[in-house]
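**Q** So here's data_18.cif (mmCIF, C-alpha atoms).
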data_my_file
loop_
_atom_site.label_atom_id
_atom_site.label_comp_id
_atom_site.auth_asym_id
_atom_site.auth_seq_id
_atom_site.Cartn_x
_atom_site.Cartn_y
_atom_site.Cartn_z
CA MET A 12 5.36 193.21 52.60
CA LYS A 13 4.69 190.66 49.87
CA LEU A 14 5.72 187.20 51.04
CA TYR A 15 6.76 184.19 48.99
CA GLY A 16 8.33 180.94 50.11
CA LEU A 17 9.00 177.24 49.93
CA ILE A 18 7.14 174.44 51.68
CA GLY A 19 8.58 170.97 52.20
CA ARG A 20 9.69 168.76 55.05
CA TYR A 21 13.49 169.02 55.21
CA ILE A 22 14.33 172.24 53.40
CA SER A 23 17.10 173.95 55.35
CA HIS A 24 19.51 173.01 52.52
CA SER A 25 17.48 174.91 49.89
CA PHE A 26 19.12 177.62 47.78
CA SER A 27 15.76 179.18 46.89
CA PRO A 28 15.92 181.99 49.50
CA SER A 29 19.39 183.06 48.36
CA PHE A 30 18.34 182.90 44.71
CA PHE A 31 15.37 185.18 45.29
CA ALA A 32 17.33 187.50 47.61
CA ARG A 33 19.84 188.06 44.80
CA LYS A 34 17.04 188.52 42.29
CA PHE A 35 15.24 191.08 44.46
CA ALA A 36 18.45 193.04 45.03
CA LYS A 37 19.56 192.95 41.40
CA GLU A 38 16.17 194.01 40.01
CA GLY A 39 15.40 196.54 42.73
CA ILE A 40 12.30 194.67 43.90
CA GLU A 41 11.30 196.17 47.25
CA GLY A 42 8.78 195.18 49.91
CA THR A 43 9.17 191.51 49.00
CA GLN A 44 10.57 188.56 50.93
CA TYR A 45 11.12 184.84 50.27
CA LYS A 46 11.22 182.45 53.25
CA LEU A 47 11.40 178.75 54.07
CA PHE A 48 8.31 177.15 55.63
CA PRO A 49 9.15 173.62 56.77
CA LEU A 50 6.03 171.53 57.39
CA GLU A 51 6.12 168.35 59.43
CA SER A 52 2.94 167.23 57.65
CA ILE A 53 0.91 168.48 54.69
CA HIS A 54 -1.97 168.80 57.18
CA ASP A 55 -0.11 171.81 58.60
CA PHE A 56 -0.60 173.69 55.32
CA PRO A 57 -3.95 175.35 56.21
CA THR A 58 -2.44 176.66 59.45
CA LEU A 59 0.45 178.19 57.51
CA ILE A 60 -1.97 179.94 55.16
CA GLU A 61 -3.97 181.25 58.09
CA GLN A 62 -0.89 182.56 59.89
CA GLN A 63 0.91 184.11 56.91
CA LYS A 64 -1.61 186.64 55.63
CA ASN A 65 0.86 188.26 53.20
CA LEU A 66 1.58 185.13 51.19
CA CYS A 67 1.42 185.71 47.44
CA GLY A 68 3.09 182.54 46.18
CA LEU A 69 4.75 179.32 47.25
CA ASN A 70 7.06 176.72 45.81
CA VAL A 71 6.47 173.10 46.85
CA THR A 72 9.12 170.43 47.28
CA ILE A 73 9.60 166.92 48.71
CA PRO A 74 7.38 165.25 49.81
CA TYR A 75 4.33 167.43 49.12
CA LYS A 76 4.18 167.91 45.34
CA GLU A 77 1.45 165.28 45.05
CA GLN A 78 -0.20 165.73 48.44
CA ILE A 79 -0.84 169.45 47.92
CA PHE A 80 -3.59 168.88 45.33
CA GLU A 81 -6.39 168.53 47.86
CA TYR A 82 -5.69 172.02 49.24
CA LEU A 83 -5.84 173.85 45.89
CA ASP A 84 -8.85 175.52 44.32
CA VAL A 85 -7.59 175.41 40.72
CA VAL A 86 -4.90 173.23 39.10
CA THR A 87 -3.68 173.79 35.56
CA ASP A 88 -4.34 171.05 33.02
CA GLU A 89 -0.59 170.50 32.63
CA ALA A 90 0.04 170.13 36.37
CA ARG A 91 -2.89 167.73 36.64
CA ALA A 92 -1.57 165.69 33.71
CA ILE A 93 1.89 165.60 35.32
CA GLY A 94 0.41 164.65 38.68
CA ALA A 95 2.53 167.09 40.67
CA VAL A 96 2.42 170.76 41.67
CA ASN A 97 5.53 172.72 42.63
CA THR A 98 4.21 176.30 42.36
CA ILE A 99 1.18 177.89 44.03
CA ALA A 100 -0.20 181.33 43.21
CA PHE A 101 -2.56 183.20 45.55
CA ARG A 102 -5.25 185.11 43.64
CA ALA A 103 -8.40 186.69 45.04
CA GLY A 104 -8.60 184.24 47.92
CA LYS A 105 -8.01 181.16 45.79
CA LEU A 106 -4.98 178.90 45.43
CA TYR A 107 -3.80 178.01 41.91
CA GLY A 108 -1.45 175.09 41.29
CA TYR A 109 1.18 174.95 38.53
CA ASN A 110 4.21 172.88 37.61
CA THR A 111 7.38 174.71 36.56
CA ASP A 112 9.69 171.73 37.18
CA VAL A 113 8.98 170.33 33.72
CA TYR A 114 10.21 173.51 32.07
CA GLY A 115 13.25 173.76 34.34
CA PHE A 116 14.32 170.15 33.82
CA ARG A 117 13.66 170.06 30.08
CA GLU A 118 15.54 173.24 29.27
CA SER A 119 18.51 172.38 31.50
CA LEU A 120 18.76 168.90 29.95
CA ARG A 121 18.78 170.05 26.32
CA PRO A 122 22.45 171.22 26.29
CA LEU A 123 23.61 167.81 27.54
CA LEU A 124 21.71 166.01 24.79
CA GLY A 125 23.40 168.23 22.24
CA GLN A 126 26.87 167.33 23.54
CA ASN A 127 26.41 163.58 23.23
CA LYS A 128 26.56 161.72 19.92
CA GLN A 129 23.93 159.27 21.11
CA GLN A 130 20.86 159.64 18.89
CA ASN A 131 18.13 157.47 20.41
CA TYR A 132 18.16 157.88 24.17
CA GLN A 133 16.48 155.62 26.65
CA ALA A 134 16.31 156.97 30.20
CA LEU A 135 16.18 155.54 33.70
CA ILE A 136 14.30 157.67 36.20
CA LEU A 137 15.51 156.90 39.71
CA GLY A 138 12.60 157.45 42.12
CA THR A 139 8.85 157.65 41.70
CA GLY A 140 7.83 160.75 43.67
CA GLY A 141 6.49 164.10 42.50
CA ALA A 142 9.76 165.22 40.91
CA SER A 143 9.95 162.02 38.88
CA LYS A 144 6.57 162.79 37.35
CA ALA A 145 7.79 166.15 36.05
CA VAL A 146 10.89 164.47 34.64
CA ALA A 147 8.77 161.81 32.91
CA TYR A 148 6.51 164.47 31.41
CA ALA A 149 9.53 166.38 30.07
CA LEU A 150 11.07 163.23 28.60
CA ASN A 151 7.81 162.54 26.78
CA GLN A 152 8.01 166.04 25.31
CA LEU A 153 11.54 165.28 24.13
CA ASP A 154 10.49 161.89 22.67
CA ILE A 155 12.80 160.02 25.04
CA GLY A 156 11.59 156.65 26.28
CA PHE A 157 12.09 155.85 29.95
CA SER A 158 11.68 153.32 32.74
CA TYR A 159 11.36 153.88 36.49
CA VAL A 160 13.65 152.43 39.14
CA SER A 161 12.26 152.17 42.66
CA ARG A 162 12.71 150.35 45.95
CA GLN A 163 9.05 149.35 45.63
CA GLU A 164 7.81 146.40 43.62
CA LYS A 165 5.56 147.14 40.67
CA ALA A 166 5.08 145.31 37.39
CA ASP A 167 6.34 148.08 35.09
CA TRP A 168 9.16 149.37 37.36
CA TYR A 169 12.65 148.07 37.88
CA GLN A 170 13.84 147.59 41.42
CA TYR A 171 17.36 148.63 42.35
CA ARG A 172 18.19 145.07 43.33
CA ASN A 173 17.33 143.69 39.88
CA ILE A 174 18.31 146.47 37.46
CA GLY A 175 21.64 144.68 36.94
CA ASP A 176 23.47 145.20 33.67
CA ARG A 177 20.40 146.72 32.00
CA ILE A 178 21.98 150.01 33.04
CA LYS A 179 24.20 149.68 29.96
CA ASP A 180 21.16 150.09 27.68
CA TYR A 181 19.96 153.32 29.31
CA LYS A 182 22.32 156.12 28.37
CA LEU A 183 20.44 158.80 30.32
CA ILE A 184 20.05 158.28 34.08
CA ILE A 185 18.22 160.85 36.20
CA ASN A 186 18.20 160.86 39.99
CA THR A 187 14.95 162.35 41.30
CA THR A 188 15.42 161.04 44.86
CA PRO A 189 16.92 163.00 47.78
CA LEU A 190 19.82 160.52 48.01
CA GLY A 191 23.07 162.46 48.34
CA MET A 192 21.36 165.66 49.43
CA SER A 193 22.87 167.65 52.29
CA PRO A 194 23.25 166.68 55.10
CA ASN A 195 23.24 163.00 53.96
CA VAL A 196 25.99 163.61 51.44
CA ASP A 197 27.42 160.07 51.50
CA SER A 198 24.31 158.36 50.14
CA LYS A 199 23.72 157.47 46.50
CA PRO A 200 21.35 155.35 44.39
CA ASP A 201 22.17 151.64 44.57
CA LEU A 202 23.50 150.99 41.05
CA ASP A 203 26.51 149.19 39.58
CA TYR A 204 28.42 152.30 38.53
CA ASP A 205 31.17 150.22 36.93
CA LEU A 206 28.75 149.53 34.07
CA LEU A 207 28.72 153.21 33.10
CA SER A 208 30.62 154.47 30.07
CA LYS A 209 31.53 157.79 28.47
CA ASP A 210 28.32 157.47 26.43
CA HIS A 211 26.18 157.87 29.55
CA ILE A 212 24.63 161.09 30.82
CA LEU A 213 23.89 161.32 34.55
CA TYR A 214 21.61 164.10 35.79
CA ASP A 215 20.98 164.69 39.49
CA LEU A 216 18.11 166.92 40.59
CA VAL A 217 20.03 167.44 43.84
CA TYR A 218 22.19 170.59 43.77
CA ASN A 219 23.41 170.78 47.37
CA PRO A 220 26.13 169.57 47.49
CA GLU A 221 27.21 170.75 44.06
CA LYS A 222 28.67 167.33 43.23
CA THR A 223 26.86 164.43 44.85
CA VAL A 224 28.41 160.97 45.15
CA PHE A 225 26.15 159.99 42.23
CA LEU A 226 27.80 162.65 40.06
CA GLN A 227 31.25 161.80 41.38
CA GLU A 228 30.71 158.25 40.16
CA ALA A 229 29.79 159.66 36.75
CA GLU A 230 32.90 161.81 36.66
CA LYS A 231 35.17 158.85 37.45
CA ARG A 232 33.85 157.13 34.32
CA ASN A 233 33.98 160.19 32.02
CA CYS A 234 30.20 160.46 31.75
CA LEU A 235 28.53 163.76 30.98
CA SER A 236 26.82 164.96 34.13
CA LYS A 237 24.86 167.84 35.61
CA ASN A 238 23.27 168.79 38.91
CA GLY A 239 19.89 170.44 39.45
CA LEU A 240 21.02 174.02 40.07
CA GLU A 241 20.15 175.34 36.61
CA MET A 242 16.83 173.54 36.83
CA LEU A 243 16.19 175.33 40.13
CA HIS A 244 16.94 178.72 38.58
CA LEU A 245 14.83 178.10 35.48
CA GLN A 246 11.80 176.83 37.38
CA ALA A 247 12.12 179.68 39.90
CA GLU A 248 12.10 182.32 37.16
CA LYS A 249 9.03 180.73 35.61
CA ALA A 250 7.34 180.62 39.02
CA TRP A 251 8.10 184.33 39.50
CA LYS A 252 6.41 185.14 36.19
CA ILE A 253 3.36 183.16 37.28
CA TRP A 254 3.23 185.02 40.61
CA THR A 255 3.62 188.48 39.12
CA THR A 256 1.61 188.43 35.88
#
Could you render the structure as structure tokens?

**A**
Amino acid sequence: MKLYGLIGRYISHSFSPSFFARKFAKEGIEGTQYKLFPLESIHDFPTLIEQQKNLCGLNVTIPYKEQIFEYLDVVTDEARAIGAVNTIAFRAGKLYGYNTDVYGFRESLRPLLGQNKQQNYQALILGTGGASKAVAYALNQLDIGFSYVSRQEKADWYQYRNIGDRIKDYKLIINTTPLGMSPNVDSKPDLDYDLLSKDHILYDLVYNPEKTVFLQEAEKRNCLSKNGLEMLHLQAEKAWKIWTT
């Protein structure tokens, strides 16, 4: 039995197992399973590898996309430049780190950019974790300038408490935090949503629930919006190609 899976801390909400179960059934892929492997700490990773002898590949999610580096034998130049790994391939006793989030986010964002008449986007990236790094890398590829928003204080970041009406100047706003994710479905980034207009695009990497409070606020103000489900599917397909070629 070939085994694949997802590591993270709070991952019971993940759709990855159902995605791969459908894929395996549809494509007649036998002797293969995809499972969730919640880890209380990244230091539990070596134990997982030791216990699960049939592992062939893993996806990595919050909060381990940056912490996983020290456990990998090889990291692609792109993943190292991004500063985050979300896909691990097992080959001849070595662990190889990749990032497929950039591809998934970039290609799922493109259709939204095409629907909006705005020509020169500036983006706000909400959050500064591993997912935000993939988003930033993709925005650079698309020639879209961006600024970070964080709870932490840093010279070149906005803080939620002082972003104020600058939100009007950033027509693309991307939530890379777990705010609004099941089971904490009532939470949302601390922004003045009344400053949004129909010219804004709001993208939420969260996909469970389908429509977070963040996206509900966008809908109320006739903004274009999208959740992270297509991103999940695109990055998962790219991960599968990495694992099997």

**Q** Could you tell me which residues the PyMOL selection byres ((chain A and resi 146-161) around 6) grabs in this file, written as a count of residues only?

**A** 17

**Q** Of the residues A:His24, A:Ile184, A:Leu14, A:Leu47, which is the one nearest to A:Phe101, using all atoms listed in the file?

**A** A:Leu14

**Q** Which distance in Å separates atom CA of A:Tyr21 and atom CA of A:Thr188, to one decimal?

**A** 13.2 Å

**Q** For each of A:Trp251, A:Val224, A:Gln246, A:Lys13, take the minimum atom-to-atom distance to A:Thr111, counting only C-alpha atoms, then give the residue where this is smallest.

**A**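 Closest to A:Thr111, using only C-alpha atoms: A:Gln246.
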
**Q** When the PyMOL selection byres ((chain A and resi 202) around 8) is applied to the file above, which residues end up in the set, as number ranges by chain?

**A** A: 171, 174-175, 200-201, 203-204

**Q** Residues within 8 Å of (26.2, 160.8, 44.0), file coordinates, counting only C-alpha atoms: what are they? Give the list as a list in words.

**A**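 Answer for this query, in the requested form: Leu190, Gly191, Val196, Asp197, Ser198, Lys199, Pro200, Asp215, Lys222, Thr223, Val224, Phe225, Leu226, Gln227 and Glu228 of chain A.
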
**Q** Nearest residue to A:Leu240 out of A:Pro49, A:Gly94, A:Gly115, A:Pro28, using only C-alpha atoms?

**A**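 For A:Leu240, the nearest of the given residues is A:Gly115.
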
**Q** Show me, as JSON lines, the residues of stretch 218-242 of chain A having an atom within 6 Å of stretch 211-214 of chain A, each with the closest atom pair and its distance in Å, using only C-alpha atoms.

**A**
{"residue": "A:Cys234", "atom": "CA", "partner": "A:His211", "partner_atom": "CA", "distance": 5.3}
{"residue": "A:Leu235", "atom": "CA", "partner": "A:Ile212", "partner_atom": "CA", "distance": 4.7}
{"residue": "A:Ser236", "atom": "CA", "partner": "A:Leu213", "partner_atom": "CA", "distance": 4.7}
{"residue": "A:Lys237", "atom": "CA", "partner": "A:Tyr214", "partner_atom": "CA", "distance": 5.0}
{"residue": "A:Asn238", "atom": "CA", "partner": "A:Tyr214", "partner_atom": "CA", "distance": 5.9}

**Q** Just how far from atom CA of A:Val217 is atom CA of A:Ala229, in Å to one decimal?

**A**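 Answer for the atom CA of A:Ala229 to atom CA of A:Val217 separation: 14.4 Å.
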
**Q** Write out as a PyMOL selection string each polymer residue whose atoms come within 12 Å of A:Asn65, counting only C-alpha atoms; drop sequence neighbours fewer than 6 positions from it.

**A** chain A and resi 12-16+42-46+59+101-102+104

**Q** Given the file above and the PyMOL selection byres ((chain A and resi 76) around 7), which residues are selected, and can you give them as a ChimeraX atom specification?

**A** /A:71-75,77-79,95-97,141

**Q** Return the padded bounding box of stretch 111-127 of chain A as AutoDock Vina command-line options: axis-aligned, built from all atoms listed in the file, 3 Å added on each side, with centre and edge lengths in Å to one decimal.

**A**
--center_x 17.1 --center_y 169.1 --center_z 29.7 --size_x 25.5 --size_y 17.1 --size_z 20.9

**Q** Point out the residue among A:Arg232, A:Lys209, A:Arg20, A:Arg91 with the least atom-to-atom distance to A:Tyr109, counting all atoms listed in the file.

**A** A:Arg91

**Q** Which residue is closest to A:Asn110? Choose from A:Asp176, A:Glu38, A:Ser23, A:Lys249 and count only C-alpha atoms.

**A** A:Lys249

**Q** Go ahead and compute the interatomic distance for atom CA of A:Gly19 and atom CA of A:Leu50, in Å to one decimal.

**A**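 So the answer is 5.8 Å.
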
**Q** List the spatial neighbours of A:Thr87 as a PyMOL selection string - criterion: any atom at most 8 Å away, all atoms listed in the file, same-chain residues fewer than 2 positions off excluded.

**A** chain A and resi 85+89-91+107-109
